[in-house]
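J.: The following file, run33.txt, comprises compact mmCIF, C-alpha atoms:
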```txt
# COMPACT_ATOMS: atom_id res chain seq x y z
CA MET A 1 -70.84 56.12 56.86
CA TYR A 2 -71.13 57.44 53.34
CA LYS A 3 -73.65 59.92 52.07
CA LYS A 4 -74.96 58.91 48.67
CA ILE A 5 -76.05 61.39 46.06
CA PHE A 6 -77.86 60.73 42.81
CA VAL A 7 -78.49 63.90 40.92
CA PRO A 8 -79.25 64.90 37.34
CA ILE A 9 -76.16 66.54 35.91
CA ILE A 10 -78.30 69.35 34.55
CA SER A 11 -78.80 70.53 38.11
CA LEU A 12 -75.06 70.84 38.57
CA ILE A 13 -73.98 72.10 35.20
CA SER A 14 -75.87 73.12 32.09
CA VAL A 15 -74.11 72.37 28.84
CA VAL A 16 -75.38 73.62 25.50
CA PHE A 17 -73.63 73.02 22.19
CA ILE A 18 -74.41 75.40 19.34
CA VAL A 19 -73.77 73.89 15.93
CA GLY A 20 -74.92 76.11 13.10
CA CYS A 21 -78.54 76.95 13.91
CA SER A 22 -79.14 73.89 16.09
CA THR A 23 -78.50 73.30 19.77
CA THR A 24 -77.72 70.12 21.65
CA THR A 25 -78.24 69.88 25.40
CA VAL A 26 -76.49 67.07 27.28
CA VAL A 27 -78.56 65.73 30.16
CA GLN A 28 -77.45 62.61 31.99
CA ASN A 29 -77.75 61.20 35.47
CA ILE A 30 -74.47 60.85 37.31
CA TYR A 31 -73.59 59.16 40.55
CA TYR A 32 -70.78 59.64 43.00
CA VAL A 33 -70.26 59.44 46.73
CA LYS A 34 -69.07 62.16 49.06
CA PRO A 35 -66.42 60.53 51.29
CA PHE A 36 -67.49 60.46 54.93
CA ASP A 37 -64.22 62.10 56.03
CA TRP A 38 -64.46 64.86 53.40
CA HIS A 39 -68.04 66.11 53.81
CA PRO A 40 -69.22 68.23 55.53
CA LYS A 41 -66.46 70.86 55.72
CA GLU A 42 -66.02 70.42 59.47
CA LYS A 43 -65.28 66.74 58.96
CA GLN A 44 -62.82 67.57 56.18
CA ASP A 45 -60.98 70.00 58.44
CA SER A 46 -60.81 67.37 61.17
CA THR A 47 -59.40 64.77 58.77
CA ILE A 48 -56.77 67.15 57.43
CA ASN A 49 -55.75 68.07 60.98
CA SER A 50 -55.33 64.37 61.75
CA TYR A 51 -52.71 64.19 58.98
CA SER A 52 -50.81 67.30 60.07
CA GLN A 53 -48.16 65.38 62.03
CA THR A 54 -47.75 63.00 59.10
CA TYR A 55 -47.22 65.65 56.44
CA MET A 56 -45.17 68.08 58.51
CA GLY A 57 -41.65 68.38 57.12
CA TYR A 58 -42.43 66.84 53.73
CA THR A 59 -42.32 68.58 50.36
CA ILE A 60 -44.54 67.19 47.62
CA PHE A 61 -43.99 67.89 43.91
CA ILE A 62 -47.27 67.93 41.95
CA ASP A 63 -47.10 67.61 38.17
CA PRO A 64 -50.41 68.27 36.38
CA GLY A 65 -49.93 66.67 32.96
CA HIS A 66 -50.26 68.42 29.56
CA GLY A 67 -51.43 72.08 29.38
CA GLY A 68 -50.85 75.15 27.24
CA THR A 69 -50.52 74.14 23.61
CA ASP A 70 -51.03 70.49 24.59
CA ARG A 71 -54.82 70.44 24.93
CA ARG A 72 -55.87 67.89 22.33
CA ASN A 73 -57.17 65.24 24.76
CA LYS A 74 -60.92 65.68 25.24
CA GLY A 75 -64.00 63.70 26.19
CA PRO A 76 -66.57 62.42 23.67
CA LYS A 77 -68.69 65.57 24.00
CA GLY A 78 -65.70 67.88 24.24
CA LEU A 79 -66.70 68.86 27.78
CA ALA A 80 -63.80 67.31 29.69
CA ILE A 81 -60.39 68.61 28.57
CA GLU A 82 -57.65 66.52 30.14
CA ALA A 83 -55.16 69.36 30.62
CA ASP A 84 -57.75 71.32 32.61
CA LEU A 85 -58.80 68.32 34.69
CA ASN A 86 -55.20 67.54 35.59
CA LEU A 87 -54.64 71.12 36.73
CA LYS A 88 -57.86 71.30 38.75
CA VAL A 89 -57.09 68.09 40.61
CA GLY A 90 -53.50 69.24 41.16
CA LEU A 91 -54.59 72.57 42.61
CA TYR A 92 -57.10 70.94 44.95
CA LEU A 93 -54.43 68.48 46.05
CA ARG A 94 -52.08 71.39 46.73
CA ASP A 95 -54.74 72.99 48.92
CA TYR A 96 -55.23 69.86 51.01
CA LEU A 97 -51.47 69.36 51.42
CA LEU A 98 -50.84 72.95 52.46
CA ARG A 99 -53.65 72.78 55.00
CA ALA A 100 -52.02 69.63 56.41
CA GLY A 101 -48.69 71.41 56.83
CA ALA A 102 -46.78 70.04 53.85
CA LYS A 103 -44.78 72.16 51.44
CA VAL A 104 -45.79 71.96 47.79
CA ILE A 105 -44.00 72.59 44.49
CA MET A 106 -45.87 72.40 41.17
CA SER A 107 -44.56 71.98 37.65
CA ARG A 108 -47.39 74.29 36.58
CA ASP A 109 -50.22 76.07 38.39
CA ILE A 110 -51.71 77.73 35.29
CA ASP A 111 -52.61 76.57 31.79
CA THR A 112 -49.13 76.52 30.28
CA PHE A 113 -46.92 74.04 28.42
CA ILE A 114 -44.03 72.39 30.25
CA SER A 115 -41.89 69.88 28.37
CA LEU A 116 -41.49 66.37 29.75
CA ASP A 117 -37.76 66.92 30.27
CA ASP A 118 -38.37 70.15 32.16
CA ARG A 119 -40.90 68.48 34.45
CA SER A 120 -38.30 65.95 35.56
CA LYS A 121 -35.58 68.59 35.75
CA LEU A 122 -37.72 70.77 38.01
CA ALA A 123 -38.48 67.81 40.26
CA ASN A 124 -34.86 66.62 40.46
CA GLU A 125 -33.59 70.11 41.27
CA SER A 126 -36.24 70.67 43.92
CA ILE A 127 -36.08 69.63 47.55
CA ALA A 128 -39.20 67.51 47.13
CA ASP A 129 -39.58 64.12 48.78
CA VAL A 130 -42.26 62.72 46.46
CA PHE A 131 -43.30 63.37 42.83
CA ILE A 132 -46.91 62.82 41.71
CA SER A 133 -47.85 63.29 38.06
CA ILE A 134 -51.61 63.70 37.54
CA HIS A 135 -53.34 62.56 34.35
CA HIS A 136 -56.64 61.32 32.96
CA ASN A 137 -56.60 58.38 30.60
CA ALA A 138 -57.68 57.38 27.09
CA PRO A 139 -57.91 53.90 25.52
CA GLY A 140 -55.86 52.72 22.58
CA ARG A 141 -58.93 52.20 20.41
CA ALA A 142 -60.52 55.20 18.72
CA GLY A 143 -64.21 55.57 19.44
CA ASP A 144 -64.11 53.57 22.69
CA VAL A 145 -66.44 55.54 24.99
CA TYR A 146 -66.98 52.72 27.52
CA THR A 147 -63.60 51.83 29.03
CA ASN A 148 -63.05 53.45 32.41
CA PHE A 149 -60.92 52.63 35.43
CA THR A 150 -58.42 54.21 37.81
CA SER A 151 -54.74 53.28 37.65
CA THR A 152 -51.44 54.30 39.21
CA TYR A 153 -48.07 53.71 37.53
CA TYR A 154 -44.57 53.10 38.86
CA HIS A 155 -41.36 52.84 36.82
CA GLY A 156 -39.87 49.56 35.66
CA THR A 157 -40.47 46.02 36.85
CA ALA A 158 -39.07 44.11 39.81
CA LYS A 159 -36.43 42.40 37.65
CA ASP A 160 -35.02 45.71 36.34
CA TYR A 161 -32.16 47.66 37.89
CA VAL A 162 -34.13 50.91 37.50
CA TYR A 163 -37.01 49.56 39.60
CA ASP A 164 -37.37 51.22 43.00
CA PRO A 165 -39.72 49.25 45.30
CA CYS A 166 -40.69 52.42 47.18
CA ASN A 167 -42.44 53.68 44.04
CA HIS A 168 -44.57 50.56 43.96
CA ASP A 169 -45.35 50.98 47.68
CA LEU A 170 -46.45 54.56 47.06
CA ALA A 171 -48.53 53.54 44.04
CA LYS A 172 -50.45 50.95 46.06
CA TYR A 173 -51.48 53.42 48.75
CA ILE A 174 -52.53 56.16 46.35
CA GLN A 175 -54.32 53.76 44.01
CA ARG A 176 -56.37 52.18 46.78
CA ASP A 177 -57.75 55.44 48.13
CA LEU A 178 -58.13 57.19 44.78
CA ALA A 179 -60.09 54.32 43.22
CA TYR A 180 -62.16 53.97 46.38
CA VAL A 181 -63.36 57.57 46.58
CA MET A 182 -64.10 57.60 42.85
CA GLY A 183 -65.95 54.29 42.97
CA ASN A 184 -63.84 52.89 40.13
CA SER A 185 -62.13 49.55 39.59
CA GLY A 186 -58.43 49.28 38.85
CA GLY A 187 -58.93 47.62 35.48
CA LEU A 188 -58.36 44.01 34.47
CA GLY A 189 -54.66 44.34 33.73
CA SER A 190 -53.69 44.38 37.41
CA PHE A 191 -54.96 42.82 40.63
CA ASP A 192 -54.69 46.07 42.58
CA GLY A 193 -54.79 48.78 39.91
CA THR A 194 -51.05 49.51 40.02
CA TYR A 195 -49.11 49.05 36.81
CA SER A 196 -45.53 49.21 35.63
CA ASP A 197 -45.12 51.96 33.06
CA TYR A 198 -43.50 49.27 30.89
CA TRP A 199 -47.07 48.06 30.36
CA ILE A 200 -47.58 51.15 28.19
CA TYR A 201 -44.05 51.68 26.84
CA PRO A 202 -42.13 48.37 27.07
CA GLY A 203 -38.56 48.80 28.21
CA ALA A 204 -38.82 52.59 28.46
CA GLY A 205 -41.83 53.65 30.51
CA PHE A 206 -43.09 57.19 30.97
CA SER A 207 -40.53 59.94 30.49
CA VAL A 208 -41.41 61.73 33.74
CA LEU A 209 -40.99 58.50 35.72
CA ARG A 210 -37.84 57.42 33.90
CA LYS A 211 -36.03 60.74 34.25
CA THR A 212 -37.19 61.75 37.73
CA VAL A 213 -35.04 60.31 40.51
CA ILE A 214 -37.06 61.03 43.67
CA PRO A 215 -39.90 58.66 44.69
CA ARG A 216 -42.49 59.08 41.97
CA VAL A 217 -45.77 57.80 40.54
CA LEU A 218 -48.11 58.76 37.72
CA VAL A 219 -51.85 58.56 38.35
CA GLU A 220 -54.47 58.11 35.65
CA CYS A 221 -57.49 59.15 37.68
CA ALA A 222 -60.08 57.98 35.15
CA PHE A 223 -60.82 57.88 31.42
CA HIS A 224 -61.89 61.27 30.12
CA THR A 225 -62.94 59.40 26.97
CA SER A 226 -65.64 57.51 28.86
CA GLU A 227 -69.09 58.81 27.93
CA TYR A 228 -70.26 58.31 31.51
CA GLU A 229 -67.11 59.44 33.29
CA GLU A 230 -66.89 62.66 31.29
CA GLN A 231 -70.13 63.77 32.95
CA ARG A 232 -68.62 63.29 36.41
CA LEU A 233 -65.27 64.84 35.54
CA ILE A 234 -66.82 68.19 34.61
CA VAL A 235 -68.39 68.46 38.07
CA ASP A 236 -66.00 70.53 40.17
CA GLU A 237 -66.92 68.74 43.38
CA PHE A 238 -65.88 65.45 41.82
CA ASN A 239 -62.46 66.90 40.97
CA GLN A 240 -62.08 67.82 44.63
CA ILE A 241 -62.91 64.23 45.56
CA GLN A 242 -60.25 62.91 43.17
CA ALA A 243 -57.65 65.11 44.87
CA TRP A 244 -58.92 63.89 48.23
CA GLY A 245 -58.21 60.29 47.29
CA ILE A 246 -54.62 61.13 46.34
CA PHE A 247 -54.16 63.18 49.52
CA ARG A 248 -55.47 60.40 51.71
CA GLY A 249 -53.50 57.64 50.00
CA LEU A 250 -50.24 59.58 50.16
CA GLY A 251 -50.87 60.36 53.82
CA LYS A 252 -51.44 56.70 54.66
CA TYR A 253 -48.22 55.78 52.86
CA LEU A 254 -46.21 58.34 54.82
CA ARG A 255 -47.80 57.19 58.08
CA GLN A 256 -46.18 53.79 57.61
CA GLY A 257 -42.80 55.50 57.67
CA VAL A 258 -40.21 56.22 55.02
CA ILE A 259 -36.61 55.11 55.09
CA LYS A 260 -33.78 57.27 53.86
CA LEU A 261 -30.26 55.96 53.37
CA TYR A 262 -27.27 58.27 53.56
CA THR A 263 -23.48 58.12 53.52
CA PRO A 264 -20.55 60.31 54.55
CA GLU A 265 -19.68 63.25 52.29
CA THR A 266 -16.88 61.42 50.48
CA MET A 267 -16.88 57.81 49.36
CA ASN A 268 -13.28 57.24 48.31
CA TYR A 269 -11.65 53.91 49.15
CA ILE A 270 -7.98 52.94 48.87
CA THR A 271 -8.66 49.23 48.59
CA SER A 272 -10.07 46.75 46.10
CA ASP A 273 -12.39 45.35 48.79
CA PRO A 274 -14.13 48.40 50.29
CA GLN A 275 -16.50 48.10 53.25
CA ILE A 276 -19.17 50.61 52.26
CA LYS A 277 -21.02 52.00 55.24
CA ILE A 278 -24.57 53.28 54.69
CA PHE A 279 -26.55 54.85 57.52
CA ILE A 280 -30.27 54.10 57.89
CA ASP A 281 -32.89 56.64 59.01
CA ASP A 282 -36.03 54.56 59.59
CA GLN A 283 -38.00 57.16 61.62
CA GLY A 284 -38.07 54.69 64.49
CA ARG A 285 -40.25 52.19 62.61
CA GLY A 286 -37.71 49.37 62.79
CA ILE A 287 -35.94 47.52 60.00
CA ASP A 288 -36.88 44.12 58.59
CA SER A 289 -33.54 42.35 58.95
CA THR A 290 -34.67 39.52 56.68
CA PHE A 291 -34.67 41.77 53.61
CA CYS A 292 -31.88 43.66 51.89
CA LEU A 293 -30.97 44.35 48.28
CA ALA A 294 -27.30 45.25 47.84
CA GLN A 295 -25.59 45.74 44.48
CA ILE A 296 -22.32 47.11 43.16
CA ASN A 297 -22.22 47.85 39.44
CA LYS A 298 -25.61 46.10 39.09
CA GLU A 299 -24.16 42.86 40.51
CA PRO A 300 -25.08 41.26 43.88
CA ALA A 301 -22.93 42.31 46.82
CA TYR A 302 -22.45 41.16 50.41
CA SER A 303 -24.43 43.02 53.05
CA ILE A 304 -24.82 43.02 56.81
CA PHE A 305 -26.80 45.17 59.24
CA GLY A 306 -25.01 46.77 62.15
CA ASP A 307 -25.05 49.53 64.72
CA GLU A 308 -22.64 52.40 65.19
CA GLU A 309 -23.03 54.68 68.20
CA GLY A 310 -26.77 54.11 68.26
CA LYS A 311 -27.19 54.58 64.51
CA LYS A 312 -28.35 51.75 62.27
CA VAL A 313 -25.98 50.96 59.44
CA LEU A 314 -25.81 48.71 56.42
CA ILE A 315 -22.35 47.57 55.38
CA ILE A 316 -21.93 46.50 51.76
CA SER A 317 -18.85 44.85 50.26
CA PRO A 318 -18.09 43.44 46.79
CA MET A 319 -18.12 39.74 46.01
CA ARG A 320 -14.97 40.21 43.94
CA GLU A 321 -12.16 42.75 43.93
CA LEU A 322 -13.03 46.09 42.38
CA PRO A 323 -10.62 47.65 39.88
CA PRO A 324 -9.57 51.29 40.31
CA GLY A 325 -12.16 53.76 39.13
CA GLU A 326 -15.77 54.72 39.73
CA HIS A 327 -18.42 52.20 40.81
CA GLU A 328 -22.14 52.48 41.57
CA VAL A 329 -23.72 51.18 44.76
CA ASN A 330 -27.44 50.40 44.99
CA ALA A 331 -29.15 49.52 48.26
CA VAL A 332 -32.73 48.86 49.37
CA VAL A 333 -33.99 47.97 52.84
CA LYS A 334 -37.50 47.65 54.25
CA ASN A 335 -39.17 48.74 57.49
CA LEU A 336 -41.39 46.57 59.67
CA ASN A 337 -44.50 48.11 58.09
CA GLY A 338 -43.42 46.95 54.63
CA ASN A 339 -42.29 50.29 53.17
CA HIS A 340 -39.04 50.14 51.21
CA SER A 341 -36.30 52.74 51.42
CA PHE A 342 -36.18 55.77 49.13
CA PRO A 343 -33.95 55.36 46.04
CA PHE A 344 -30.25 55.09 46.85
CA ARG A 345 -27.71 54.88 44.06
CA LYS A 346 -24.34 56.41 44.84
CA LYS A 347 -20.97 56.54 43.14
CA ILE A 348 -17.86 55.43 45.00
CA THR A 349 -14.25 55.80 43.90
CA VAL A 350 -11.69 53.02 44.31
CA SER A 351 -7.95 53.70 44.03
CA TYR A 352 -4.91 51.68 45.13
```
Please lay out the structure from this file as structure tokens.

T.:
Amino acid sequence: MYKKIFVPIISLISVVFIVGCSTTTVVQNIYYVKPFDWHPKEKQDSTINSYSQTYMGYTIFIDPGHGGTDRRNKGPKGLAIEADLNLKVGLYLRDYLLRAGAKVIMSRDIDTFISLDDRSKLANESIADVFISIHHNAPGRAGDVYTNFTSTYYHGTAKDYVYDPCNHDLAKYIQRDLAYVMGNSGGLGSFDGTYSDYWIYPGAGFSVLRKTVIPRVLVECAFHTSEYEEQRLIVDEFNQIQAWGIFRGLGKYLRQGVIKLYTPETMNYITSDPQIKIFIDDQGRGIDSTFCLAQINKEPAYSIFGDEEGKKVLIISPMRELPPGEHEVNAVVKNLNGNHSFPFRKKITVSY
């Protein structure tokens, strides 16, 4: 089902370094696989068309990391520049998504610098449903030209209030397909190649994941510092394949259905024991009634599923009386396919 290729890199790209009066030519053999649903072009078109109903109505925010004045990350030979790789993969991903009928917003579509704060601000102010930050990795040890794997990051850990299970769901789908098309493992730090960003920055995580509020992940497609991987990353076709893995993984995630929770315009209660009604849009996938996370002010709360005029609802109430003032409600439910609801944290006002 897969077409294998094994070609000398010199036939794809000729690289010559001129240092003083000497020249150095890099010639290596590289190997990668053209996904069966991506090549030839007719098959790619057919695959994208098969995702058109899935992607229709969704807006995806693509964030190619680094860029502009931030171009210091390079491969061992200086051939693979991370900022450029991130942008190339992002642009190819945009093309696939647009062809599938999705709307796309990008933090940058040229080689320019965007601050971390501005990336999150742009995403939060957009109408996007999902945020994907694209990067290529480097090890912590200088001179390590061997480490290479594919990884996808979500924010926080399951025991943290800031953890949104939907981000972990999304990470699993993207990681599986991205690593598969690249032929990479997910590293030894995780069973499935998904990682909490606390693994890199304990207790804080990545800025773009911490400060962005819509469903979000950060992908580290591969290590640009790998002597072998650098040779693949400078092949344009391989960048297209990376984007294909993200496109396919995201599509498979969306196919399992997303859940959005919503409430009436105002959430003001004249009682110390409010019954907080949250409506559930599960896209007809069905709700797993055995699972619900309900919190008020980061503390457990009572919850019960119900039905109101044909609409599914979740009713949350406090385990103790709430004093007058503002309180935060957090809720998570899960559909029958295992996808958790999009982030829901809302303020309510209690007065009496």

J.: Quick one: of A:Leu85, A:Val181, A:Ile132, A:Ala80, who's nearest to Tyr154 in chain A, counting only C-alpha atoms?

T.: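 Between A:Leu85, A:Val181, A:Ile132, A:Ala80, the residue approaching Tyr154 in chain A most closely is A:Ile132.
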
J.: Counting only C-alpha atoms, which residues have an atom no more than 12 Å from (-30.1, 48.6, 42.7) in the file's coordinates? Please list them as a PDB file with C-alpha atoms, keeping the file's coordinate frame.

T.:
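Once written, part-v9.pdb looks like this:
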```pdb
ATOM      1  CA  ALA A 158     -39.070  44.110  39.810  1.00  0.00           C
ATOM      2  CA  LYS A 159     -36.430  42.400  37.650  1.00  0.00           C
ATOM      3  CA  ASP A 160     -35.020  45.710  36.340  1.00  0.00           C
ATOM      4  CA  TYR A 161     -32.160  47.660  37.890  1.00  0.00           C
ATOM      5  CA  VAL A 162     -34.130  50.910  37.500  1.00  0.00           C
ATOM      6  CA  TYR A 163     -37.010  49.560  39.600  1.00  0.00           C
ATOM      7  CA  ASP A 164     -37.370  51.220  43.000  1.00  0.00           C
ATOM      8  CA  PRO A 165     -39.720  49.250  45.300  1.00  0.00           C
ATOM      9  CA  CYS A 292     -31.880  43.660  51.890  1.00  0.00           C
ATOM     10  CA  LEU A 293     -30.970  44.350  48.280  1.00  0.00           C
ATOM     11  CA  ALA A 294     -27.300  45.250  47.840  1.00  0.00           C
ATOM     12  CA  GLN A 295     -25.590  45.740  44.480  1.00  0.00           C
ATOM     13  CA  ILE A 296     -22.320  47.110  43.160  1.00  0.00           C
ATOM     14  CA  ASN A 297     -22.220  47.850  39.440  1.00  0.00           C
ATOM     15  CA  LYS A 298     -25.610  46.100  39.090  1.00  0.00           C
ATOM     16  CA  GLU A 299     -24.160  42.860  40.510  1.00  0.00           C
ATOM     17  CA  PRO A 300     -25.080  41.260  43.880  1.00  0.00           C
ATOM     18  CA  ALA A 301     -22.930  42.310  46.820  1.00  0.00           C
ATOM     19  CA  GLU A 328     -22.140  52.480  41.570  1.00  0.00           C
ATOM     20  CA  VAL A 329     -23.720  51.180  44.760  1.00  0.00           C
ATOM     21  CA  ASN A 330     -27.440  50.400  44.990  1.00  0.00           C
ATOM     22  CA  ALA A 331     -29.150  49.520  48.260  1.00  0.00           C
ATOM     23  CA  VAL A 332     -32.730  48.860  49.370  1.00  0.00           C
ATOM     24  CA  VAL A 333     -33.990  47.970  52.840  1.00  0.00           C
ATOM     25  CA  SER A 341     -36.300  52.740  51.420  1.00  0.00           C
ATOM     26  CA  PHE A 342     -36.180  55.770  49.130  1.00  0.00           C
ATOM     27  CA  PRO A 343     -33.950  55.360  46.040  1.00  0.00           C
ATOM     28  CA  PHE A 344     -30.250  55.090  46.850  1.00  0.00           C
ATOM     29  CA  ARG A 345     -27.710  54.880  44.060  1.00  0.00           C
ATOM     30  CA  LYS A 346     -24.340  56.410  44.840  1.00  0.00           C
TER      31      LYS A 346
END
```

J.: Contacts of Gly67 in chain A at 8 Å or less, counting all atoms listed in the file, minus same-chain residues fewer than 3 places along, as a list of chain:residue names?

T.: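 In the requested form, the answer reads A:Asp70, A:Arg71, A:Ala83, A:Asp84, A:Asp111, A:Thr112, A:Phe113, A:Ile114.
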
J.: Skipping near chain neighbours, those fewer than 5 positions away, what residues fall within 12 Å of Asp144 in chain A using only C-alpha atoms, listed as a ChimeraX atom specification?

T.: /A:75-76,137-139,223-228

J.: Have a look at CA of Thr271 in chain A and CA of Ser303 in chain A and let me know their distance in Å, one decimal.

T.: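 Taking CA of Thr271 in chain A as the start and CA of Ser303 in chain A as the end point, the length is 17.5 Å.
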
J.: What's the separation between CA of Gly186 in chain A and CA of Leu218 in chain A, in Å to one decimal place?

T.: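 It comes out at 14.1 Å.
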
J.: So what do you get for CA of Asp177 in chain A versus CA of Gln283 in chain A, distance-wise?

T.: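 These two atoms are separated by 24.0 Å.
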
J.: Using all atoms listed in the file, which of A:Tyr92, A:Phe305, A:Phe61, A:Phe131 sits nearest Met106 in chain A?

T.: A:Phe61

J.: Between A:Val217, A:Tyr173, A:Thr157, A:Thr147, which one has atoms that come closest to Gly187 in chain A, using only C-alpha atoms?

T.: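 Of all the options, A:Thr147 lies closest to Gly187 in chain A.
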
J.: Can you pull out every residue within 9 Å of range 233-235 of chain A, counting only C-alpha atoms, but drop anything in the same chain fewer than 2 positions away, and send it as a PyMOL selection string?

T.: chain A and resi 9+12-13+79-81+85+222+224+229-231+237-239

J.: Could you tell me, as a list in words, which residues have any atom at most 6 Å from (-18.7, 41.6, 48.0), counting all atoms listed in the file?

T.: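 Selection result: Ala301, Tyr302, Ser317, Pro318, Met319 and Arg320 of chain A.
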
J.: Would you list the contacts of Thr47 in chain A as a VMD selection string, taking every protein, DNA or RNA residue within 12 Å and counting only C-alpha atoms, but skipping same-chain residues closer than 3 positions in sequence?

T.: chain A and resid 35 to 44 50 to 54 96 to 97 99 to 100 244 247 to 248 251

J.: Next, dump the selected residues to file, keeping only C-alpha atoms, as a CSV table (one decimal), in the frame of the given file.

T.:
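As written to disk, again.csv reads:
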```csv
chain,number,residue,atom,x,y,z
A,35,PRO,CA,-66.4,60.5,51.3
A,36,PHE,CA,-67.5,60.5,54.9
A,37,ASP,CA,-64.2,62.1,56.0
A,38,TRP,CA,-64.5,64.9,53.4
A,39,HIS,CA,-68.0,66.1,53.8
A,40,PRO,CA,-69.2,68.2,55.5
A,41,LYS,CA,-66.5,70.9,55.7
A,42,GLU,CA,-66.0,70.4,59.5
A,43,LYS,CA,-65.3,66.7,59.0
A,44,GLN,CA,-62.8,67.6,56.2
A,50,SER,CA,-55.3,64.4,61.8
A,51,TYR,CA,-52.7,64.2,59.0
A,52,SER,CA,-50.8,67.3,60.1
A,53,GLN,CA,-48.2,65.4,62.0
A,54,THR,CA,-47.8,63.0,59.1
A,96,TYR,CA,-55.2,69.9,51.0
A,97,LEU,CA,-51.5,69.4,51.4
A,99,ARG,CA,-53.6,72.8,55.0
A,100,ALA,CA,-52.0,69.6,56.4
A,244,TRP,CA,-58.9,63.9,48.2
A,247,PHE,CA,-54.2,63.2,49.5
A,248,ARG,CA,-55.5,60.4,51.7
A,251,GLY,CA,-50.9,60.4,53.8
```
